[in-house]
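Peer 1: What follows is target17.cif, mmCIF, C-alpha atoms and all ligand atoms.
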data_query
#
loop_
_atom_site.label_atom_id
_atom_site.label_comp_id
_atom_site.auth_asym_id
_atom_site.auth_seq_id
_atom_site.Cartn_x
_atom_site.Cartn_y
_atom_site.Cartn_z
CA MET A 774 3.75 -13.58 -5.51
CA LEU A 775 2.50 -17.08 -4.79
CA VAL A 776 3.69 -19.55 -2.19
CA PRO A 777 2.71 -23.14 -1.44
CA LEU A 778 -0.49 -23.34 0.52
CA LYS A 779 -0.12 -23.48 4.31
CA ASN A 780 -3.51 -22.94 5.88
CA PRO A 781 -6.47 -24.96 7.16
CA PHE A 782 -8.01 -24.85 3.69
CA ALA A 783 -5.14 -27.11 2.54
CA ILE A 784 -6.71 -30.04 4.37
CA THR A 785 -9.51 -30.18 1.81
CA HIS A 786 -7.63 -28.59 -1.11
CA PRO A 787 -4.05 -29.89 -1.03
CA GLU A 788 -1.61 -28.34 -3.41
CA THR A 789 -0.92 -30.58 -6.35
CA ALA A 790 1.66 -29.89 -9.00
CA TYR A 791 2.82 -31.13 -12.37
CA ARG A 792 5.92 -29.98 -14.21
CA SER A 793 7.21 -31.36 -17.48
CA ASP A 794 8.38 -30.28 -20.88
CA GLY A 795 7.37 -26.61 -20.93
CA LEU A 796 4.18 -27.16 -18.95
CA SER A 797 3.69 -26.34 -15.29
CA ILE A 798 0.42 -26.71 -13.38
CA THR A 799 -0.01 -26.00 -9.69
CA LEU A 800 -3.38 -26.36 -8.01
CA ASN A 801 -4.50 -24.36 -4.98
CA LEU A 802 -1.66 -21.90 -4.66
CA SER A 803 -2.06 -19.44 -1.85
CA GLY A 804 -1.89 -15.83 -2.88
CA SER A 805 -1.85 -12.91 -0.52
CA ARG A 806 -4.48 -13.04 2.25
CA ALA A 807 -4.73 -9.27 2.60
CA TYR A 808 -5.19 -6.57 -0.01
CA THR A 809 -1.99 -4.57 -0.07
CA LYS A 810 -0.59 -1.58 -1.93
CA VAL A 811 2.76 -2.61 -3.35
CA SER A 812 4.65 -1.84 -6.53
CA TYR A 813 4.98 -5.45 -7.70
CA PRO A 814 2.26 -7.85 -8.88
CA VAL A 815 0.30 -9.53 -6.10
CA LYS A 816 -2.35 -12.19 -6.63
CA TYR A 817 -5.04 -12.54 -4.02
CA GLY A 818 -6.76 -15.63 -2.68
CA ILE A 819 -6.39 -19.28 -3.58
CA ILE A 820 -5.85 -19.91 -7.27
CA SER A 821 -4.58 -22.59 -9.60
CA ARG A 822 -1.96 -21.74 -12.16
CA LEU A 823 -1.14 -23.16 -15.58
CA GLU A 824 2.03 -22.01 -17.30
CA THR A 825 3.38 -22.86 -20.72
CA ARG A 826 6.27 -21.36 -22.64
CA GLU A 827 3.88 -18.78 -24.08
CA MET A 828 1.39 -17.89 -21.36
CA ILE A 829 0.32 -17.96 -17.74
CA LEU A 830 -3.34 -18.58 -16.95
CA GLU A 831 -4.77 -18.54 -13.42
CA PHE A 832 -8.12 -19.95 -12.34
CA ASN A 833 -10.41 -19.52 -9.36
CA LEU A 834 -11.83 -22.35 -7.27
CA ASN A 835 -14.78 -22.73 -9.68
CA HIS A 836 -12.31 -23.54 -12.50
CA GLU A 837 -13.02 -20.17 -14.15
CA ILE A 838 -10.22 -18.12 -15.64
CA ARG A 839 -9.26 -15.18 -13.45
CA ASN A 840 -5.86 -13.85 -14.57
CA ALA A 841 -3.87 -14.14 -17.75
CA ARG A 842 -0.71 -12.90 -19.33
CA SER A 843 1.44 -13.72 -22.30
CA LYS A 844 5.11 -14.56 -21.83
CA THR A 845 6.06 -13.61 -25.37
CA ARG A 846 8.13 -10.56 -26.19
CA HIS A 847 5.01 -8.91 -27.58
CA TRP A 848 3.49 -8.53 -24.10
CA LEU A 849 3.74 -4.92 -22.92
CA HIS A 850 5.53 -5.56 -19.61
CA PRO A 851 6.27 -8.76 -17.65
CA SER A 852 4.78 -7.37 -14.43
CA GLU A 853 1.46 -6.41 -16.07
CA TRP A 854 -1.48 -8.76 -16.32
CA LEU A 855 -5.12 -9.22 -17.25
CA LYS A 856 -7.80 -9.91 -14.68
CA ARG A 857 -11.30 -11.16 -15.48
CA THR A 858 -14.02 -9.87 -13.18
CA VAL A 859 -17.10 -11.72 -11.99
CA GLY A 860 -19.03 -9.45 -14.39
CA ASN A 861 -16.89 -11.02 -17.16
CA ASP A 862 -14.89 -7.89 -18.01
CA TRP A 863 -11.20 -8.07 -18.71
CA ILE A 864 -9.12 -5.43 -16.93
CA TYR A 865 -5.53 -4.73 -17.89
CA TYR A 866 -3.32 -3.70 -14.96
CA SER A 867 -0.59 -1.31 -16.08
CA SER A 868 2.55 -0.87 -14.02
CA GLY A 869 5.02 1.82 -15.00
CA GLY A 870 4.97 4.29 -17.77
CA TYR A 871 2.49 6.54 -16.06
CA ALA A 872 4.41 8.70 -13.63
CA GLY A 873 2.58 9.33 -10.39
CA VAL A 874 -0.01 6.55 -10.65
CA TYR A 875 0.14 5.92 -6.92
CA GLU A 876 -0.21 9.61 -6.09
CA ALA A 877 -3.13 9.89 -8.49
CA ILE A 878 -5.24 6.85 -7.59
CA GLY A 879 -3.73 5.49 -4.36
CA GLU A 880 -2.78 2.22 -6.07
CA TYR A 881 0.43 1.15 -7.78
CA TYR A 882 -1.32 -0.46 -10.73
CA LEU A 883 -3.59 1.40 -13.07
CA PRO A 884 -6.70 -0.48 -14.23
CA ASN A 885 -7.53 -0.15 -17.93
CA PHE A 886 -10.96 -1.16 -19.19
CA THR A 887 -12.57 -2.34 -22.40
CA TYR A 888 -15.47 0.10 -21.91
CA PRO A 889 -15.52 3.93 -21.83
CA THR A 890 -14.77 5.51 -18.47
CA ASN A 891 -13.48 8.76 -17.02
CA SER A 892 -9.81 7.88 -16.51
CA LEU A 893 -7.33 10.67 -17.17
CA LEU A 894 -4.41 8.25 -17.19
CA GLY A 895 -3.27 5.22 -19.12
CA GLY A 896 -2.96 4.08 -22.70
CA ARG A 897 -4.95 1.70 -24.88
CA PRO A 898 -3.63 -1.73 -23.96
CA PHE A 899 -6.60 -3.56 -25.46
CA GLU A 900 -5.53 -2.31 -28.87
CA GLU A 901 -2.25 -4.21 -28.48
CA PRO A 902 -2.52 -7.43 -30.55
CA GLU A 903 -1.00 -9.63 -27.82
CA VAL A 904 -3.44 -8.33 -25.19
CA ALA A 905 -6.42 -8.69 -27.53
CA LYS A 906 -5.28 -12.19 -28.51
CA THR A 907 -4.93 -13.29 -24.88
CA CYS A 908 -8.45 -12.07 -23.99
CA GLN A 909 -9.97 -13.59 -27.10
CA ASN A 910 -8.04 -16.79 -27.65
CA TRP A 911 -7.28 -18.16 -24.19
CA PRO A 912 -9.70 -21.13 -24.68
CA GLU A 913 -7.95 -22.10 -27.91
CA LEU A 914 -4.55 -21.76 -26.22
CA LEU A 915 -5.81 -23.85 -23.31
CA ALA A 916 -7.19 -26.49 -25.69
CA THR A 917 -3.66 -27.16 -26.99
CA VAL A 918 -2.44 -28.18 -23.51
CA PRO A 919 -2.34 -32.01 -23.35
CA ASP A 920 -4.30 -33.53 -20.47
CA ASN A 921 -3.51 -37.18 -21.11
CA ARG A 922 0.17 -37.41 -20.31
CA PRO A 923 0.89 -40.69 -18.49
CA ASP A 924 2.98 -38.95 -15.82
CA MET A 925 0.31 -36.35 -14.97
CA PRO A 926 -1.30 -36.85 -11.52
CA ALA A 927 -4.96 -37.82 -11.80
CA ARG A 928 -6.09 -34.73 -9.86
CA VAL A 929 -4.21 -32.42 -12.22
CA ALA A 930 -5.61 -34.18 -15.30
CA GLU A 931 -9.10 -33.97 -13.84
CA TRP A 932 -8.67 -30.26 -13.07
CA LEU A 933 -7.39 -29.61 -16.59
CA GLY A 934 -10.46 -31.30 -18.02
CA GLN A 935 -12.69 -29.12 -15.84
CA VAL A 936 -11.08 -25.80 -16.80
CA LYS A 937 -11.18 -26.76 -20.47
CA ARG A 938 -14.90 -27.50 -20.30
CA ILE A 939 -15.82 -23.95 -19.21
CA THR A 940 -16.42 -21.88 -22.33
CA LYS A 941 -16.51 -18.14 -22.89
CA ALA A 942 -20.29 -18.46 -23.30
CA ASP A 943 -20.51 -20.16 -19.88
CA LEU A 944 -18.65 -17.24 -18.28
CA GLU A 945 -20.88 -14.69 -19.98
CA ASN A 946 -24.00 -16.61 -18.92
CA LYS A 947 -22.77 -16.68 -15.35
CA ALA A 948 -22.22 -12.92 -15.38
CA GLN A 949 -25.76 -12.46 -16.72
CA THR A 950 -27.06 -14.66 -13.91
CA LEU A 951 -25.26 -12.43 -11.42
CA PHE A 952 -26.92 -9.34 -12.89
CA GLU A 953 -30.32 -11.06 -12.78
CA ILE A 954 -29.92 -12.02 -9.13
CA CYS A 955 -29.21 -8.38 -8.21
CA GLY A 956 -31.77 -6.97 -10.66
CA ALA A 957 -29.20 -5.20 -12.84
CA ARG A 958 -25.51 -4.91 -13.55
CA THR A 959 -23.55 -2.79 -11.08
CA THR A 960 -22.73 0.14 -13.39
CA VAL A 961 -20.49 1.86 -10.87
CA LEU A 962 -18.61 0.70 -7.79
CA PRO A 963 -17.53 3.08 -5.03
CA PRO A 964 -13.94 4.30 -5.38
CA ASP A 965 -13.22 2.83 -1.94
CA ALA A 966 -13.70 -0.68 -3.40
CA ARG A 967 -10.08 -0.32 -4.57
CA HIS A 968 -9.17 -1.45 -1.03
CA SER A 969 -10.51 -4.90 -2.02
CA ASP A 970 -9.20 -4.74 -5.60
CA TYR A 971 -12.91 -4.43 -6.54
CA ASN A 972 -13.42 -8.11 -5.61
CA VAL A 973 -16.82 -7.55 -4.03
CA ILE A 974 -20.07 -9.43 -3.82
CA PRO A 975 -22.81 -7.05 -5.01
CA LEU A 976 -26.17 -7.12 -3.29
CA THR A 977 -28.98 -4.70 -4.12
CA ILE A 978 -30.48 -3.32 -0.95
CA ALA A 979 -32.31 -0.48 -2.75
CA ASP A 980 -32.84 0.37 -6.40
CA GLY A 981 -32.26 3.76 -7.94
CA CYS A 982 -31.25 7.03 -6.32
CA LEU A 983 -32.87 10.20 -4.97
CA TYR A 984 -31.78 12.91 -7.39
CA LYS A 985 -31.43 11.77 -11.03
CA CYS A 986 -28.85 14.51 -11.56
CA ARG A 987 -28.61 15.84 -15.10
CA PHE A 988 -24.84 15.31 -15.40
CA CYS A 989 -24.77 11.69 -14.24
CA LYS A 990 -23.87 8.95 -16.73
CA VAL A 991 -24.43 5.98 -14.43
CA LYS A 992 -27.96 6.66 -13.15
CA ASN A 993 -31.00 4.60 -14.05
CA LYS A 994 -34.66 5.53 -14.27
CA LYS A 995 -35.77 3.56 -11.23
CA PRO A 996 -37.23 5.59 -8.38
CA PHE A 997 -35.47 5.01 -5.08
CA THR A 998 -37.02 1.85 -3.59
CA PRO A 999 -35.61 -0.35 -0.82
CA ARG A 1000 -35.80 -4.10 -1.39
CA SER A 1001 -37.85 -6.25 0.98
CA PRO A 1002 -36.11 -8.43 3.59
CA GLU A 1003 -37.38 -11.48 1.67
CA ASP A 1004 -35.81 -10.26 -1.56
CA ILE A 1005 -32.52 -9.63 0.22
CA GLN A 1006 -32.55 -13.16 1.65
CA ARG A 1007 -33.18 -14.51 -1.86
CA GLN A 1008 -30.22 -12.55 -3.21
CA ILE A 1009 -27.94 -13.75 -0.40
CA ARG A 1010 -28.94 -17.37 -1.06
CA ASP A 1011 -28.53 -17.10 -4.84
CA LEU A 1012 -25.26 -15.18 -4.61
CA ALA A 1013 -23.77 -17.78 -2.26
CA HIS A 1014 -24.74 -20.44 -4.78
CA LEU A 1015 -23.35 -18.47 -7.74
CA TYR A 1016 -19.96 -17.70 -6.12
CA GLY A 1017 -19.83 -21.36 -5.07
CA LYS A 1018 -16.47 -22.76 -4.03
CA ASP A 1019 -14.77 -19.46 -4.80
CA LEU A 1020 -16.73 -17.75 -2.02
CA VAL A 1021 -13.79 -18.47 0.28
CA ASN A 1022 -11.77 -15.96 -1.77
CA TYR A 1023 -14.18 -13.11 -0.93
CA ASN A 1024 -14.57 -10.95 2.12
CA ALA A 1025 -16.11 -7.75 0.74
CA LEU A 1026 -19.72 -6.77 0.22
CA PHE A 1027 -21.10 -3.93 -1.90
CA LEU A 1028 -24.60 -2.81 -1.02
CA GLY A 1029 -26.15 -1.34 -4.19
CA GLU A 1030 -27.32 0.50 -6.01
CA HIS A 1031 -26.59 4.22 -5.86
CA ASP A 1032 -27.79 5.29 -2.40
CA ALA A 1033 -27.86 2.31 -0.04
CA LEU A 1034 -27.43 4.74 2.86
CA ASN A 1035 -31.00 5.91 2.22
CA ALA A 1036 -32.37 2.43 2.99
CA PRO A 1037 -33.84 1.92 6.48
CA ALA A 1038 -31.08 1.63 9.08
CA ASP A 1039 -32.20 -1.77 10.38
CA LEU A 1040 -32.30 -3.14 6.81
CA ILE A 1041 -28.71 -1.99 6.17
CA VAL A 1042 -27.40 -3.49 9.40
CA SER A 1043 -29.33 -6.76 9.17
CA THR A 1044 -28.31 -7.23 5.50
CA ALA A 1045 -24.65 -6.74 6.38
CA ARG A 1046 -24.91 -9.20 9.30
CA GLN A 1047 -26.77 -11.87 7.31
CA SER A 1048 -24.33 -11.55 4.41
CA TYR A 1049 -21.36 -11.85 6.73
CA ASP A 1050 -22.78 -15.08 8.15
CA ARG A 1051 -24.04 -16.68 4.93
CA PHE A 1052 -20.99 -15.78 2.85
CA GLY A 1053 -18.75 -17.15 5.59
CA PHE A 1054 -16.60 -14.03 5.83
CA ALA A 1055 -15.35 -15.11 9.28
CA ARG A 1056 -13.79 -18.14 7.57
CA SER A 1057 -12.73 -16.39 4.38
CA TYR A 1058 -9.22 -16.97 3.11
CA MET A 1059 -9.01 -13.17 2.80
CA LYS A 1060 -8.54 -11.16 5.97
CA HIS A 1061 -10.18 -7.86 6.98
CA PRO A 1062 -13.82 -7.97 5.77
CA ARG A 1063 -15.03 -4.74 4.18
CA LEU A 1064 -18.42 -3.26 3.47
CA TYR A 1065 -18.95 -0.64 0.76
CA LEU A 1066 -21.94 1.55 -0.04
CA PHE A 1067 -22.86 4.83 -1.63
CA GLY A 1068 -24.76 7.60 0.10
CA SER A 1069 -26.11 11.01 -0.82
CA VAL A 1070 -26.16 14.39 0.90
CA ASP A 1071 -29.76 13.92 2.06
CA SER A 1072 -29.42 10.28 3.08
CA LEU A 1073 -26.42 11.23 5.21
CA LEU A 1074 -28.10 14.24 6.81
CA ASP A 1075 -31.31 12.27 7.47
CA ALA A 1076 -29.61 9.05 8.64
CA ASP A 1077 -30.82 7.39 11.82
CA PRO A 1078 -28.49 8.67 14.59
CA HIS A 1079 -27.85 5.10 15.77
CA LEU A 1080 -26.95 3.76 12.32
CA PHE A 1081 -23.28 4.66 12.47
CA ASP A 1082 -22.79 3.15 15.93
CA SER A 1083 -24.42 -0.04 14.66
CA LEU A 1084 -22.24 -0.12 11.54
CA ASN A 1085 -19.17 0.58 13.65
CA ALA A 1086 -19.97 -2.50 15.75
CA LEU A 1087 -20.17 -4.83 12.72
CA PRO A 1088 -17.27 -7.17 11.91
CA PHE A 1089 -16.50 -5.08 8.81
CA ASP A 1090 -14.46 -2.01 8.01
CA THR A 1091 -17.19 0.08 6.39
CA PHE A 1092 -16.63 2.64 3.64
CA ILE A 1093 -19.46 5.01 2.74
CA ASN A 1094 -18.92 7.15 -0.33
CA ILE A 1095 -20.99 10.33 -0.54
CA GLY A 1096 -21.64 12.11 -3.85
CA LEU A 1097 -21.01 15.75 -2.90
CA GLU A 1098 -20.08 16.87 -6.44
CA SER A 1099 -19.57 20.58 -5.62
CA PHE A 1100 -19.77 23.20 -2.89
CA ASP A 1101 -20.49 25.97 -5.38
CA PRO A 1102 -24.17 26.89 -6.05
CA ALA A 1103 -23.56 27.75 -9.72
CA THR A 1104 -21.83 24.41 -10.32
CA LEU A 1105 -24.58 22.43 -8.58
CA GLU A 1106 -27.07 24.28 -10.79
CA GLN A 1107 -25.09 23.51 -13.94
CA LEU A 1108 -24.80 19.85 -12.94
CA GLY A 1109 -28.53 19.57 -12.35
CA LYS A 1110 -27.88 18.31 -8.81
CA PRO A 1111 -30.89 19.21 -6.66
CA VAL A 1112 -29.07 19.98 -3.40
CA THR A 1113 -27.90 23.29 -1.98
CA ALA A 1114 -24.28 24.20 -1.27
CA ARG A 1115 -25.29 24.72 2.37
CA LYS A 1116 -26.42 21.10 2.63
CA VAL A 1117 -23.22 19.92 0.95
CA GLY A 1118 -21.26 21.79 3.64
CA LEU A 1119 -23.35 20.23 6.42
CA ALA A 1120 -22.87 16.77 4.93
CA PHE A 1121 -19.13 17.36 4.69
CA ASP A 1122 -19.00 18.36 8.38
CA LYS A 1123 -21.02 15.31 9.39
CA MET A 1124 -18.62 13.07 7.46
CA GLN A 1125 -15.68 14.46 9.43
CA SER A 1126 -17.53 13.90 12.74
CA ILE A 1127 -18.31 10.27 11.85
CA ASN A 1128 -14.72 9.71 10.76
CA GLN A 1129 -13.52 10.92 14.14
CA ALA A 1130 -16.11 9.06 16.21
CA CYS A 1131 -16.20 5.69 14.42
CA ALA A 1132 -12.89 3.83 14.12
CA ARG A 1133 -14.29 1.23 11.71
CA ILE A 1134 -16.11 3.61 9.37
CA GLU A 1135 -14.56 5.79 6.72
CA MET A 1136 -16.78 8.39 5.10
CA THR A 1137 -15.36 9.46 1.74
CA GLY A 1138 -16.64 12.08 -0.69
CA ASN A 1139 -16.71 12.72 -4.41
CA PHE A 1140 -16.39 15.99 -6.28
CA VAL A 1141 -16.64 16.34 -10.04
CA MET A 1142 -13.99 17.87 -12.27
CA ASP A 1143 -14.32 19.29 -15.76
CA ASP A 1144 -12.91 21.99 -18.04
CA HIS A 1145 -16.33 23.58 -18.41
CA LEU A 1146 -17.47 24.10 -14.83
CA PRO A 1147 -17.87 27.58 -13.28
CA PRO A 1148 -14.56 29.04 -12.03
CA ASP A 1149 -15.70 29.03 -8.39
CA HIS A 1150 -16.02 25.24 -8.30
CA ILE A 1151 -12.34 24.55 -7.57
CA ARG A 1152 -12.20 27.40 -5.05
CA ALA A 1153 -15.24 25.96 -3.26
CA VAL A 1154 -13.71 22.46 -3.10
CA LEU A 1155 -10.60 24.09 -1.66
CA ASP A 1156 -12.73 25.81 1.00
CA LEU A 1157 -13.82 22.39 2.24
CA VAL A 1158 -10.68 20.29 1.94
CA ARG A 1159 -8.27 22.98 3.10
CA HIS A 1160 -9.94 25.78 5.05
CA ARG A 1161 -12.76 23.90 6.80
CA ILE A 1162 -10.28 21.50 8.43
CA THR A 1163 -7.62 22.64 10.88
CA HIS A 1164 -4.98 19.96 10.31
CA ALA A 1165 -4.09 17.12 7.95
CA LEU A 1166 -6.14 13.97 8.49
CA PRO A 1167 -5.25 10.43 7.38
CA LYS A 1168 -8.87 9.34 6.98
CA GLY A 1169 -11.78 10.62 4.90
CA SER A 1170 -10.50 10.42 1.35
CA VAL A 1171 -11.81 12.84 -1.22
CA TYR A 1172 -12.16 11.57 -4.78
CA LEU A 1173 -12.19 13.83 -7.80
CA SER A 1174 -14.25 12.42 -10.62
CA PRO A 1175 -13.73 13.73 -14.17
CA LEU A 1176 -17.07 14.28 -15.89
CA ALA A 1177 -15.89 13.53 -19.41
CA PHE A 1178 -15.56 9.91 -20.53
CA ALA A 1179 -12.66 8.89 -22.79
CA LYS A 1180 -11.31 12.44 -22.90
CA PRO A 1181 -8.14 12.80 -20.82
CA SER A 1182 -7.61 16.49 -20.06
CA ARG A 1183 -4.29 18.02 -19.07
CA GLU A 1184 -6.03 20.99 -17.42
CA VAL A 1185 -8.20 18.75 -15.23
CA LEU A 1186 -5.16 16.71 -14.22
CA TYR A 1187 -3.36 19.94 -13.35
CA ASP A 1188 -6.30 21.09 -11.18
CA PHE A 1189 -6.28 17.72 -9.43
CA TYR A 1190 -2.58 17.88 -8.52
CA ARG A 1191 -2.96 21.52 -7.40
CA LEU A 1192 -5.83 20.58 -5.07
CA LYS A 1193 -4.11 17.44 -3.82
CA THR A 1194 -1.04 19.44 -2.82
CA VAL A 1195 -3.01 21.68 -0.48
CA SER A 1196 -5.77 19.30 0.65
CA ARG A 1197 -5.80 18.32 4.31
CA LEU A 1198 -7.63 15.13 3.41
CA PRO A 1199 -6.20 12.28 1.29
CA MET A 1200 -7.16 13.01 -2.32
CA PHE A 1201 -7.32 10.72 -5.34
CA LEU A 1202 -8.79 10.50 -8.81
CA TYR A 1203 -11.95 8.43 -9.13
CA ILE A 1204 -11.86 6.03 -12.07
CA ILE A 1205 -15.37 4.76 -12.62
CA GLN A 1206 -15.40 0.97 -12.67
CA ARG A 1207 -18.34 -1.39 -13.12
CA LEU A 1208 -18.79 -4.96 -12.04
S1 LIG A 1301 -24.91 11.29 -9.16
FE1 LIG A 1301 -25.80 9.80 -7.76
S2 LIG A 1301 -27.72 10.75 -7.10
FE2 LIG A 1301 -27.09 11.84 -8.95
S3 LIG A 1301 -28.11 10.71 -10.61
FE3 LIG A 1301 -26.08 9.82 -10.39
S4 LIG A 1301 -26.44 8.06 -9.05
FE4 LIG A 1301 -28.20 9.41 -8.82
#
As structure tokens, please, write out the structure in this file.
Ligand code: SF4
Peer 2:
Amino acid sequence: MLVPLKNPFAITHPETAYRSDGLSITLNLSGSRAYTKVSYPVKYGIISRLETREMILEFNLNHEIRNARSKTRHWLHPSEWLKRTVGNDWIYYSSGGYAGVYEAIGEYYLPNFTYPTNSLLGGRPFEEPEVAKTCQNWPELLATVPDNRPDMPARVAEWLGQVKRITKADLENKAQTLFEICGARTTVLPPDARHSDYNVIPLTIADGCLYKCRFCKVKNKKPFTPRSPEDIQRQIRDLAHLYGKDLVNYNALFLGEHDALNAPADLIVSTARQSYDRFGFARSYMKHPRLYLFGSVDSLLDADPHLFDSLNALPFDTFINIGLESFDPATLEQLGKPVTARKVGLAFDKMQSINQACARIEMTGNFVMDDHLPPDHIRAVLDLVRHRITHALPKGSVYLSPLAFAKPSREVLYDFYRLKTVSRLPMFLYIIQRL
């Protein structure tokens, strides 16, 4: 849903349009200003749109392609589309066909990826010729659009020239630059980042993680090490430069990598504040700034008592996702996760206390799921999400994360729905997504 731009940004970026003979171009359309959960396609932020008889391509304020879909009868569904991430991945958003998508993931559209992940739902849209062709051939399709029509406004012609000049290699190089600024690609984003459609700016506040669990497919070999304040300032400067004019379309920050909560409290708070200022989140086109980070059982239990009050006072809604994995000793042992079930229980209790005390913080937790875990695992999760809590709570989502990649399992899906039915906390599947 896009409407003509009516906001202060229009003063410097007026909407300009061209329509003629099967070609329609509109610059600086205003999409939704808030991330919403609705069952029809919504585009976020300020974008420019080019539409021909065969396709619709949408571009960000840096003239880089952001969304695409074919209009031919070979496209899977008219309300489905492709989105290109800042990490230069294409994601296919599926609409219907998968009963219960909203119940399962808390979103109406199911993201499908080109890389292996742990999703139990969805098909293989990238094997569809029309989807593959759109991802691969959009520059060639774009090249056929004439930019020298005499009746085309100069601004539109100039814009068309700019979008045509950006090649697939340029986009890949820019993604590599992003990874270099942060020190590595973000291999996993917190499940809570769905509240910003995963449109986050990643900033590495600390490398590595504490545990190096045996089961984990996203870990790296780096020992846990916080970055220096100087390095964080460098990242903020370089990220602002990289996101460029499109920065106005962002209002969400991800503090990486896998256990930012274990960084010193003052570093976390000062990084969030500096980012908010330098990235201009107060002036962002998108409303409701959000901050995302991962934490661990030990980083949560050892956290500075004042940290959560300080985070609660920031101009962000903050989501901290804790890897709990299991409350069953045998399962923790099998996973190679070096924490005790007792500590997992204490961390779970602390999460509930923070959720009650801090209106602007949501602590969420992850548990794993798999066909081959000890039988007490599900019972132990149930102990926490059902019996340890006296009444249903709207806050403090629990995410269940299938261990197996590219292996949808009916039994695991059945366990998920069984747990969700009785859980007193909101419960969703965690689909691992990178940036
Ligand atoms: S689950 Fe978390 S703590 Fe364990 S290895 Fe993976 S990233 Fe590290």
Peer 1: What's around segment 1090-1105 of chain A at 6 Å? Count only C-alpha atoms, leave out sequence neighbours fewer than 2 positions away in its own chain, and write the answer as an NGL selection string.
Peer 2: :A and (1063-1069 or 1107-1108 or 1110 or 1114 or 1133-1141 or 1147 or 1150 or 1153)
Peer 1: Edge lengths and centre, in Å to one decimal, as JSON: that's what I need for the box along x, y and z that holds all listed atoms of segment 1005-1010 of chain A plus 6 Å on each side.
Peer 2:
{"center_x": -30.6, "center_y": -13.5, "center_z": -0.8, "size_x": 17.2, "size_y": 19.7, "size_z": 16.9}
Peer 1: So that I can check the surroundings of Pro1002 of chain A, please list as a list in words every protein, DNA and RNA residue that reaches within 10 Å of it, counting all atoms listed in the file and ignoring chain neighbours fewer than 2 positions away.
Peer 2: Ile978, Pro999, Arg1000, Asp1004, Ile1005, Gln1006, Arg1007, Gln1008, Leu1040, Ser1043 and Thr1044 of chain A
Peer 1: Could you list, as a list in words, all protein and nucleic acid residues with an atom at most 8 Å from ligand LIG 1301 (chain A), counting only C-alpha atoms and all ligand atoms?
Peer 2: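 So, counting only C-alpha atoms and all ligand atoms, the residues near ligand LIG 1301 (chain A) are Gly981, Cys982, Leu983, Tyr984, Lys985, Cys986, Arg987, Phe988, Cys989, Lys990, Val991, Lys992, Asn993, His1031, Asp1032, Ser1069, Gly1096, Glu1098 and Lys1110 of chain A.
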Peer 1: For Gly934 of chain A, work out the shell of residues within 10 Å, counting all atoms listed in the file and skipping chain neighbours fewer than 6 positions away, then give it as a PyMOL selection string.
Peer 2: chain A and resi 836+916+919-921+928
Peer 1: Excluding same-chain residues fewer than 4 positions from Thr858 of chain A, what lies within 9 Å of it counting only C-alpha atoms, as a PDB file with C-alpha atoms, in the frame of the given file?
Peer 2:
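Saved to out-v3.pdb:
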ATOM      1  CA  ARG A 839      -9.260 -15.180 -13.450  1.00  0.00           C
ATOM      2  CA  ASP A 862     -14.890  -7.890 -18.010  1.00  0.00           C
ATOM      3  CA  TRP A 863     -11.200  -8.070 -18.710  1.00  0.00           C
ATOM      4  CA  ILE A 864      -9.120  -5.430 -16.930  1.00  0.00           C
ATOM      5  CA  TYR A 971     -12.910  -4.430  -6.540  1.00  0.00           C
ATOM      6  CA  ASN A 972     -13.420  -8.110  -5.610  1.00  0.00           C
ATOM      7  CA  LEU A1208     -18.790  -4.960 -12.040  1.00  0.00           C
TER       8      LEU A1208
END
Peer 1: Because some atoms of segment 877-883 of chain A are absent here, can you restore N, CA, C and O atoms and send them as a CSV table (one decimal), in the coordinates of the input?
Peer 2:
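Contents of result_23.csv, as written:
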chain,number,residue,atom,x,y,z
A,877,ALA,N,-1.9,9.5,-7.9
A,877,ALA,CA,-3.1,9.9,-8.5
A,877,ALA,C,-4.3,9.0,-8.0
A,877,ALA,O,-5.4,9.5,-7.7
A,878,ILE,N,-4.1,7.7,-7.9
A,878,ILE,CA,-5.2,6.8,-7.6
A,878,ILE,C,-5.1,6.1,-6.3
A,878,ILE,O,-6.0,5.3,-5.9
A,879,GLY,N,-3.9,6.2,-5.6
A,879,GLY,CA,-3.7,5.5,-4.4
A,879,GLY,C,-3.4,4.0,-4.5
A,879,GLY,O,-3.3,3.3,-3.6
A,880,GLU,N,-3.1,3.6,-5.8
A,880,GLU,CA,-2.8,2.2,-6.1
A,880,GLU,C,-1.6,2.2,-7.0
A,880,GLU,O,-1.4,3.2,-7.8
A,881,TYR,N,-0.8,1.2,-6.9
A,881,TYR,CA,0.4,1.2,-7.8
A,881,TYR,C,0.1,0.7,-9.2
A,881,TYR,O,0.9,0.9,-10.1
A,882,TYR,N,-1.0,0.0,-9.4
A,882,TYR,CA,-1.3,-0.5,-10.7
A,882,TYR,C,-2.6,0.2,-11.2
A,882,TYR,O,-3.6,0.4,-10.5
A,883,LEU,N,-2.5,0.6,-12.5
A,883,LEU,CA,-3.6,1.4,-13.1
A,883,LEU,C,-4.5,0.5,-13.8
A,883,LEU,O,-4.1,-0.2,-14.8
